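Asker: Before I ask anything, let me first share the structure, which is written out below as structure tokens.
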Amino acid sequence: MRHLLKYVKNERGSQLVEFVAAFPLIIFAFLFVWQMALAAYTVVVAEGAARDGARVASVSGEYDDIETSVHNSAGGLEVLHISKDVMSSSYGEEVSVNVDVALKTINVPYVGELDYEITGSATMPYESEEDD
């Protein structure tokens with residue numbers, strides 16, 4: 001009986017058990033931070049692509065030129081949709097470009113891939129040839 005009590009009070013290996021219990025939480029926290037970084041990257045790149053598309057749209061207005069500019073500045077993201085609107089305001093005519101891109105996600109086992117899209121938008125003053 002005394003040998004059994006000595007074995008039960010032994011704390012050898014307790015650090016390993018605590019580490020094994022905490023390790024999945026550490027991995028989850030790392031993956032969460034990484035996913036937030038990917039989301040921030042996607043937002044910044046989508047806004048930049050929309051800004052570049054609006055610059056091209058304000059000068060040329062050709063949809064093919066806008067699409068090429070957006071795809072060139074999208075930085076490897078999947079561009080889902082590009083839309084262009086010309087509107088008038090108190091400052092004159094403005095052109096607005098909206099770009100929808102797919103959010104890159106981490107493929108987590110047992111959760112699957114998540115499909116989200118991020119929209120970037122930018123507005124620039126419209127430069128017509130009559131202004132020259």
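Chain labels run A, B, ... following the order of the structure tokens; each chain numbers its residues from 1, and ligands are numbered from 1 in the order shown.
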I'd like the contact shell of segment 72-78 of chain A - 8 Å cut-off, only C-alpha atoms, skipping same-chain residues fewer than 6 positions apart - returned as a list of chain:residue names.
Answerer: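 Here the qualifying residues turn out to be A:Thr42, A:Val45, A:Ala46, A:Gly48, A:Ala49, A:Asp52, A:Val101, A:Ala102, A:Leu103, A:Lys104.
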Asker: Keeping C-alpha atoms for every residue in the selection just given, could you write it to a file as a JSON list (two decimals), in the first residue's frame?
Answerer:
[["chain", "number", "residue", "atom", "x", "y", "z"],
["A", 42, "THR", "CA", -6.39, 41.10, -48.47],
["A", 45, "VAL", "CA", -4.40, 44.83, -51.55],
["A", 46, "ALA", "CA", -8.10, 45.09, -52.53],
["A", 48, "GLY", "CA", -4.90, 49.33, -53.66],
["A", 49, "ALA", "CA", -6.23, 47.44, -56.68],
["A", 52, "ASP", "CA", -5.26, 51.71, -59.36],
["A", 101, "VAL", "CA", -11.53, 39.71, -54.17],
["A", 102, "ALA", "CA", -11.56, 36.31, -52.47],
["A", 103, "LEU", "CA", -10.18, 36.26, -48.93],
["A", 104, "LYS", "CA", -7.28, 33.87, -48.57]]
Asker: Please give the complete set of residues from chain A that DSSP, run on the backbone, assigns to alpha helix (DSSP H), formatted as a count of residues only.
Answerer: 64
Asker: Within 9 Å of Val97 of chain A, counting only C-alpha atoms, which residues qualify if same-chain residues fewer than 4 places away don't, as a short mmCIF file (atom, residue, chain, number, x, y, z; two decimals) with C-alpha atoms, in the first residue's frame?
Answerer:
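Wrote out.cif, looks like this:
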data_model
loop_
_atom_site.label_atom_id
_atom_site.label_comp_id
_atom_site.auth_asym_id
_atom_site.auth_seq_id
_atom_site.Cartn_x
_atom_site.Cartn_y
_atom_site.Cartn_z
CA ALA A 50 -9.43 49.51 -56.60
CA ARG A 51 -7.38 52.72 -56.36
CA GLY A 53 -8.38 50.78 -61.31
CA ALA A 54 -9.97 54.14 -60.47
CA ALA A 57 -10.77 54.67 -65.22
CA ILE A 66 -9.28 48.91 -65.81
CA ILE A 82 -14.93 44.63 -61.00
CA SER A 83 -17.51 47.38 -61.36
CA LYS A 84 -17.18 50.97 -62.57
CA ASP A 85 -19.63 53.81 -61.95
CA VAL A 86 -19.50 57.38 -63.25
CA GLY A 120 -12.24 47.47 -52.09
CA SER A 121 -13.52 50.73 -53.50
CA ALA A 122 -11.99 53.98 -54.69
CA THR A 123 -13.27 57.19 -56.26
CA MET A 124 -11.29 59.58 -58.44
#
Asker: One number please: atom CA of Val43 of chain A to atom CA of His81 of chain A, in Å, one decimal.
Answerer: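 Answer for the atom CA of Val43 of chain A to atom CA of His81 of chain A separation: 14.9 Å.
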Asker: With only C-alpha atoms as the counted atoms, please give the residues lying no more than 12 Å from segment 24-31 of chain A, apart from itself and same-chain residues fewer than 6 positions off, as a PyMOL selection string.
Answerer: chain A and resi 18+37-38+105-109
